[in-house]
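A.B. asks: Provided herewith is a single structure, encoded as structure tokens, for subsequent inquiry.
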Amino acid sequence: MCGIVGYVGSHQAAPILLDGLAKLEYRGYDSAGIAVFDGKKITSHKALGKLKVLNEETHGGATLPGTCGIGHTRWATHGVPSVRNAHPHFNSDETIAVVHNGIIENYIKLRKMLEGKGYQFQSDTDTEVVAHLLDYYYDGNALHTIAKVIERVEGSYALGIMFSDHPHHVFAARKDSPLIIGAGENGENFIASDVPAILKYTRNVYYMDSLEIASLSPDHVRFYNIDLEEVPKELKTIEWDLSAAEKGGYDYFMLKEIYEQPKAIRDCMSPRIRDGKVAIEELGMTDEEIRRIDRIYMIGCGTAYHTGVMAKYIFEDLARIPVEVDLASEFRYRNPICNAGTLVVVISQSGETADTLAALRLAKDHGLKTLGIVNAVGSSIAREADHVIYTYAGPEIAVASTKAYSTQLIAHYLLALKFGYVRGMVSDEQMGDMVRQMEELPAQIDLLLQSKEKIQKFANRYLAAKDVFFLGRGQDYATALEGSLKLKEISYIFSDAYAAGELKHGPISLIEEGTLVVALLTQDELVPKMVSNMQEVISRGAFVMAVTNVDHPEVEKTAQYCLYIPKTCRYFTGSLGIIPLQLFAYYIAIGRGLDVDKPRNLAKSVTVE
Ligand code: AGP
């Protein structure tokens with residue numbers, strides 16, 4: 001979603017804003033703009049399309065001199081992508097500039113009210129009401145004015161604001177959309193939607209809470225609540241390096257992140273294994289509390305939801321706890337049945353996904369115990385959940401999630417093993433054996449990654465595919481869902497995933513001569529059933545690519561093409577089965593000449609509903 005950067009200091013602001021916005025490109029955008037205060041007035045420039053255009057049109061920022069500014073990449077929600085709708089937005093005499101991420105839900109009402117008072121709007125955006133509302137309430141005191149505006153607007157927002165009456169000041173406010181404040185060391189401070197935008201300049205950040213306002217000048221950062229009482233805030237240090245958020249020789253972030261999976265998995269797993277057993281210290285739940293859990297809700301969106309689907313099979317089998325999996329966008333409007341033994345697990349890479357955050361809050365409103373499985377340290381979900389397990393995947397930049405998925409699976413394995421052990425379902429011997437097999441996964445993934453050429457060759461045969469179907473049973477169904485999402489989101493080829501037993505209840509009518517079907521067969525006891533399903537589609541003209549392990553000669557006999565994964569414990573096969581599917585999606589998208597990291601219409605972090 002939209003990216004925000006703000007700077008106040010002694011250097012020229014525009015080049016810093018452009019550089020920061022470039023680091024936020026991964027969030028997805030369709031237009032961009034910057035506004036800089038030159039000591040007398042605010043000047044701005046906006047451009048449609050890639051940042052390159054804004055960069056060229058402003059000569060790298062040189063046409064906008066000044067040491068204080070705000071910048072924005074826009075992912076259209078209200079109003080088409082256009083220069084007119086690009087941010088920053090202004091009040092009529094351009095003395096107040098605003099950039100915004102989020103959605104002002106009551107903007108129509110506010111716009112009518114403001115138009116009734118003579119305000120004229122230049123864009124179709126919800127954001128512009130904020131600029132005029134600031135003007136309407138302006139009394140010479142910036143903080144006072146912002147607090148009044150915040151009381152009037154409903155919805156979600158991260159705001160960067162400049163007033164020409166307040167030279168060398170940038171103001172920020174947030175509710176439910178991410179915004180961090182970077183504290184520079186040499187008389188400069190920053191605002192940003194995410195860490196990569198400012199990591200070149202500082203590692204010291206403040207995380208703003210919802211309904212807080214920040215005031216930044218070159219030599220101070222102050223935080224206030226809605227009543228304008230100053231709020232003390234702890235400075236946090238970012239531990240990872242900028243290189244972690246750069247391509248490091250790979251053509252695309254997605255490929256880099258696919259290759260980072262063995263390391264990411266190790267980083268997620270190692271701190272939680274002691275003496276051959278799972279030990280998750282940060283869980284903060286006593287064994288007694290774990291024994292009392294009688295129902296788990298797994299909640300997430302997209303890829304995160306798919307790990308929840310996988311987790312259901314594993315938790316129910318290993319820990320004998322009933323698990324319900326729900327899309328966060330559905331759960332948030334349900335009236336969940338729950339009791340004191342219910343645990344709600346919210347899964348999110350970014351920790352900022354609007355629906356997942358809302359689902360978490362709903363669970364908390366019901367008095368339920370919540371556990372976040374989160375990658376982004378300090379994110380809203382991480383801060384609001386009762387307990388957090390960080391996945392330690394490092395920054396994931398490509399829109400298509402890969403290493404976050406793999407580490408979320410590991411977090412589920414660790415939890416399921418722990419819960420199963422504490423509840424007496426997993427013996428010492430089983431625990432030792434499964435931990436040993438889990439520790440082999442990184443090396444096995446490394447091995448699978450070595451066969452990338454084979455997958456690329458196969459992918460090249462299907463560059464013109466119209467639609468692709470992914471089939472699996474049990475845990476393989478969860479992998480099929482994720483494989484299908486990977487393919488459709490970056491290649492724009494229609495694909496869908498089915499629990500293979502459902503084929504005959506409708507989807508088989510879609511199979512025709514040459515249709516590609518990807519069949520997953522990693523669950524030994526379900527292989528015979530899957531082989532029948534493969535035969536059904538082959539006899540209707542489908543071409544079947546199977547992902548399986550070497551123990552099943554009958555699969556090789558039936559499928560037209562086989563990819564093999566190493567043998568592992570039955571609960572962990574999903575970690576291996578997904579690797580060829582990620583590579584398959586990647587190479588199809590590359591072969592079709594697409595921008596793999598920034599697929600059309602998608603944003604990395606979906607911070608609006
Ligand atoms: C994955 O490839 C997607 N781009 C998307 O489905 C993503 O997983 C989803 O938006 C959830 O994001 P989160 O993990 O940051 O909450």
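Labels for the structure tokens follow display order: chains A, B, ..., residues from 1 in each chain, ligands from 1.
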What does the list of residues within 7 Å of ligand 1 look like if you count only C-alpha atoms and all ligand atoms, written as a PDB file with N, CA, C and O atoms, in the first residue's frame?
C.D. replies:
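Generated file (pocket_28.pdb):
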ATOM      1  N   GLY A 300      -5.694 -15.458   9.173  1.00  0.00           N
ATOM      2  CA  GLY A 300      -4.722 -14.732   8.345  1.00  0.00           C
ATOM      3  C   GLY A 300      -5.337 -14.401   6.999  1.00  0.00           C
ATOM      4  O   GLY A 300      -6.501 -14.709   6.733  1.00  0.00           O
ATOM      5  N   CYS A 301      -4.536 -13.781   6.141  1.00  0.00           N
ATOM      6  CA  CYS A 301      -4.982 -13.464   4.779  1.00  0.00           C
ATOM      7  C   CYS A 301      -3.974 -14.069   3.806  1.00  0.00           C
ATOM      8  O   CYS A 301      -2.781 -14.142   4.107  1.00  0.00           O
ATOM      9  N   GLY A 302      -4.433 -14.437   2.637  1.00  0.00           N
ATOM     10  CA  GLY A 302      -3.544 -14.894   1.564  1.00  0.00           C
ATOM     11  C   GLY A 302      -2.638 -16.021   2.023  1.00  0.00           C
ATOM     12  O   GLY A 302      -3.072 -17.039   2.579  1.00  0.00           O
ATOM     13  N   THR A 303      -1.350 -15.828   1.802  1.00  0.00           N
ATOM     14  CA  THR A 303      -0.351 -16.834   2.157  1.00  0.00           C
ATOM     15  C   THR A 303      -0.407 -17.195   3.635  1.00  0.00           C
ATOM     16  O   THR A 303      -0.282 -18.368   4.009  1.00  0.00           O
ATOM     17  N   ALA A 304      -0.566 -16.201   4.475  1.00  0.00           N
ATOM     18  CA  ALA A 304      -0.600 -16.456   5.924  1.00  0.00           C
ATOM     19  C   ALA A 304      -1.782 -17.376   6.257  1.00  0.00           C
ATOM     20  O   ALA A 304      -1.669 -18.292   7.085  1.00  0.00           O
ATOM     21  N   ILE A 347      -1.828 -14.718  12.046  1.00  0.00           N
ATOM     22  CA  ILE A 347      -0.588 -14.961  11.311  1.00  0.00           C
ATOM     23  C   ILE A 347      -0.399 -13.823  10.311  1.00  0.00           C
ATOM     24  O   ILE A 347      -1.311 -13.533   9.524  1.00  0.00           O
ATOM     25  N   SER A 348       0.770 -13.197  10.325  1.00  0.00           N
ATOM     26  CA  SER A 348       0.979 -12.088   9.395  1.00  0.00           C
ATOM     27  C   SER A 348       2.461 -11.793   9.220  1.00  0.00           C
ATOM     28  O   SER A 348       3.185 -11.646  10.203  1.00  0.00           O
ATOM     29  N   GLN A 349       2.896 -11.693   7.969  1.00  0.00           N
ATOM     30  CA  GLN A 349       4.277 -11.294   7.698  1.00  0.00           C
ATOM     31  C   GLN A 349       4.486  -9.857   8.146  1.00  0.00           C
ATOM     32  O   GLN A 349       5.371  -9.572   8.927  1.00  0.00           O
ATOM     33  N   SER A 350       3.652  -8.961   7.633  1.00  0.00           N
ATOM     34  CA  SER A 350       3.857  -7.521   7.877  1.00  0.00           C
ATOM     35  C   SER A 350       3.452  -7.104   9.277  1.00  0.00           C
ATOM     36  O   SER A 350       3.971  -6.123   9.803  1.00  0.00           O
ATOM     37  N   GLY A 351       2.506  -7.833   9.848  1.00  0.00           N
ATOM     38  CA  GLY A 351       1.975  -7.422  11.150  1.00  0.00           C
ATOM     39  C   GLY A 351       1.098  -6.191  11.055  1.00  0.00           C
ATOM     40  O   GLY A 351       0.741  -5.582  12.072  1.00  0.00           O
ATOM     41  N   GLU A 352       0.768  -5.778   9.821  1.00  0.00           N
ATOM     42  CA  GLU A 352      -0.020  -4.558   9.642  1.00  0.00           C
ATOM     43  C   GLU A 352      -1.259  -4.787   8.793  1.00  0.00           C
ATOM     44  O   GLU A 352      -1.966  -3.830   8.494  1.00  0.00           O
ATOM     45  N   THR A 353      -1.513  -5.999   8.340  1.00  0.00           N
ATOM     46  CA  THR A 353      -2.648  -6.245   7.461  1.00  0.00           C
ATOM     47  C   THR A 353      -3.950  -5.842   8.172  1.00  0.00           C
ATOM     48  O   THR A 353      -4.236  -6.328   9.275  1.00  0.00           O
ATOM     49  N   THR A 356      -6.415  -8.568   9.357  1.00  0.00           N
ATOM     50  CA  THR A 356      -5.858  -9.429  10.410  1.00  0.00           C
ATOM     51  C   THR A 356      -5.801  -8.668  11.732  1.00  0.00           C
ATOM     52  O   THR A 356      -6.107  -9.219  12.803  1.00  0.00           O
ATOM     53  N   VAL A 399       6.463  -8.870  -3.410  1.00  0.00           N
ATOM     54  CA  VAL A 399       5.047  -8.958  -3.025  1.00  0.00           C
ATOM     55  C   VAL A 399       4.650 -10.415  -2.768  1.00  0.00           C
ATOM     56  O   VAL A 399       3.940 -10.727  -1.813  1.00  0.00           O
ATOM     57  N   ALA A 400       5.149 -11.311  -3.618  1.00  0.00           N
ATOM     58  CA  ALA A 400       4.815 -12.730  -3.435  1.00  0.00           C
ATOM     59  C   ALA A 400       5.612 -13.294  -2.260  1.00  0.00           C
ATOM     60  O   ALA A 400       6.840 -13.301  -2.265  1.00  0.00           O
ATOM     61  N   SER A 401       4.898 -13.741  -1.282  1.00  0.00           N
ATOM     62  CA  SER A 401       5.550 -14.213  -0.054  1.00  0.00           C
ATOM     63  C   SER A 401       6.161 -15.595  -0.257  1.00  0.00           C
ATOM     64  O   SER A 401       5.530 -16.496  -0.810  1.00  0.00           O
ATOM     65  N   THR A 402       7.398 -15.765   0.165  1.00  0.00           N
ATOM     66  CA  THR A 402       8.056 -17.084   0.066  1.00  0.00           C
ATOM     67  C   THR A 402       8.701 -17.455   1.399  1.00  0.00           C
ATOM     68  O   THR A 402       8.273 -18.383   2.072  1.00  0.00           O
ATOM     69  N   LEU A 485      -1.796 -19.736  -5.506  1.00  0.00           N
ATOM     70  CA  LEU A 485      -1.735 -18.286  -5.263  1.00  0.00           C
ATOM     71  C   LEU A 485      -0.445 -17.710  -5.841  1.00  0.00           C
ATOM     72  O   LEU A 485      -0.458 -16.652  -6.487  1.00  0.00           O
ATOM     73  N   LYS A 486       0.680 -18.420  -5.632  1.00  0.00           N
ATOM     74  CA  LYS A 486       1.964 -17.920  -6.155  1.00  0.00           C
ATOM     75  C   LYS A 486       1.864 -17.733  -7.657  1.00  0.00           C
ATOM     76  O   LYS A 486       2.261 -16.713  -8.189  1.00  0.00           O
ATOM     77  N   LYS A 604       2.315  -4.965  -1.132  1.00  0.00           N
ATOM     78  CA  LYS A 604       2.953  -5.909  -0.218  1.00  0.00           C
ATOM     79  C   LYS A 604       2.192  -6.004   1.096  1.00  0.00           C
ATOM     80  O   LYS A 604       1.979  -7.069   1.633  1.00  0.00           O
ATOM     81  N   SER A 605       1.827  -4.847   1.592  1.00  0.00           N
ATOM     82  CA  SER A 605       1.204  -4.855   2.900  1.00  0.00           C
ATOM     83  C   SER A 605      -0.172  -4.197   2.762  1.00  0.00           C
ATOM     84  O   SER A 605      -0.255  -3.020   2.407  1.00  0.00           O
ATOM     85  N   VAL A 606      -1.227  -4.961   2.989  1.00  0.00           N
ATOM     86  CA  VAL A 606      -2.573  -4.454   2.693  1.00  0.00           C
ATOM     87  C   VAL A 606      -3.140  -3.802   3.957  1.00  0.00           C
ATOM     88  O   VAL A 606      -3.780  -4.444   4.779  1.00  0.00           O
TER      89      VAL A 606
END
A.B. asks: Write out as a ChimeraX atom specification each polymer residue whose atoms come within 12 Å of Val531 of chain A, counting only C-alpha atoms; drop sequence neighbours fewer than 3 positions from it.
C.D. replies: /A:471-473,500-501,519-528,534-538,544-548,552-559
A.B. asks: Set the distance at 8 Å and use only C-alpha atoms: which residues neighbour Val468 of chain A once local chain neighbours fewer than 2 positions away are removed? I'd like the list as a PyMOL selection string.
C.D. replies: chain A and resi 465-466+470+484+493-496+515-518
A.B. asks: May I have the residues from that selection written out with C-alpha atoms, as a compact mmCIF listing (two decimals), in the first residue's frame?
C.D. replies:
# COMPACT_ATOMS: atom_id res chain seq x y z
CA ALA A 465 -1.06 -21.65 -20.32
CA LYS A 466 -4.60 -20.32 -19.94
CA PHE A 470 -3.42 -27.56 -8.30
CA SER A 484 -1.86 -21.72 -6.93
CA ILE A 493 -2.42 -17.05 -15.36
CA PHE A 494 -5.71 -18.16 -13.90
CA SER A 495 -5.15 -20.97 -11.44
CA ASP A 496 -7.12 -22.62 -8.70
CA THR A 515 -4.86 -28.37 -19.27
CA LEU A 516 -1.94 -28.37 -16.84
CA VAL A 517 -2.70 -30.02 -13.50
CA VAL A 518 -0.14 -29.88 -10.70
A.B. asks: Could you write out, as an MDAnalysis selection string, all the residues of segment 28-172 of chain A that DSSP marks as alpha helix (DSSP H)?
C.D. replies: chainID A and resid 51:57 107:116 128:137 142:152
A.B. asks: Given the choices A:Asn85, A:Thr391, A:Asn101, A:Ser31, which gets closest to Arg272 of chain A if the distance is worked out from only C-alpha atoms?
C.D. replies: A:Thr391
A.B. asks: Could you give me, as a ChimeraX atom specification, each residue of segment 167-414 of chain A that DSSP assigns to strand (DSSP E or B) when run on this structure's backbone?
C.D. replies: /A:170-176,180-183,189-192,204-207,212-217,220-224,230,236-237,273-274,277-278,295-300,323-327,342-348,369-374,387-390
A.B. asks: Just the number, please: distance in Å from atom CA of Ala443 of chain A to atom CA of Pro262 of chain A, one decimal.
C.D. replies: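 Atom-to-atom, atom CA of Ala443 of chain A to atom CA of Pro262 of chain A, that is 6.8 Å.
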A.B. asks: I want to know what sits within 8 Å of Ala585 of chain A, based on only C-alpha atoms, with residues of the same chain fewer than 5 positions away left out; could you give that as a VMD selection string?
C.D. replies: chain A and resid 459 483 486 to 488 490 to 491
A.B. asks: Emit the selected residues as a tab-separated table (two decimals), in the first residue's frame, including N, CA and C atoms.
C.D. replies:
chain	number	residue	atom	x	y	z
A	459	ALA	N	8.73	-24.93	-16.83
A	459	ALA	CA	7.91	-23.71	-16.82
A	459	ALA	C	7.85	-23.10	-18.22
A	483	GLY	N	0.57	-22.88	-3.75
A	483	GLY	CA	1.19	-22.96	-5.09
A	483	GLY	C	0.34	-22.23	-6.11
A	486	LYS	N	0.68	-18.42	-5.63
A	486	LYS	CA	1.96	-17.92	-6.16
A	486	LYS	C	1.86	-17.73	-7.66
A	487	LEU	N	1.33	-18.76	-8.33
A	487	LEU	CA	1.27	-18.69	-9.80
A	487	LEU	C	0.38	-17.54	-10.25
A	488	LYS	N	-0.83	-17.45	-9.71
A	488	LYS	CA	-1.75	-16.44	-10.24
A	488	LYS	C	-1.27	-15.03	-9.93
A	490	ILE	N	1.72	-13.68	-9.63
A	490	ILE	CA	2.84	-13.08	-10.36
A	490	ILE	C	2.84	-13.37	-11.87
A	491	SER	N	2.09	-14.41	-12.31
A	491	SER	CA	2.12	-14.74	-13.74
A	491	SER	C	0.86	-14.27	-14.46
A.B. asks: Taking only C-alpha atoms into account, which of A:Tyr413, A:Tyr498, A:Trp240, A:Phe458 comes nearest Leu581 of chain A?
C.D. replies: A:Phe458
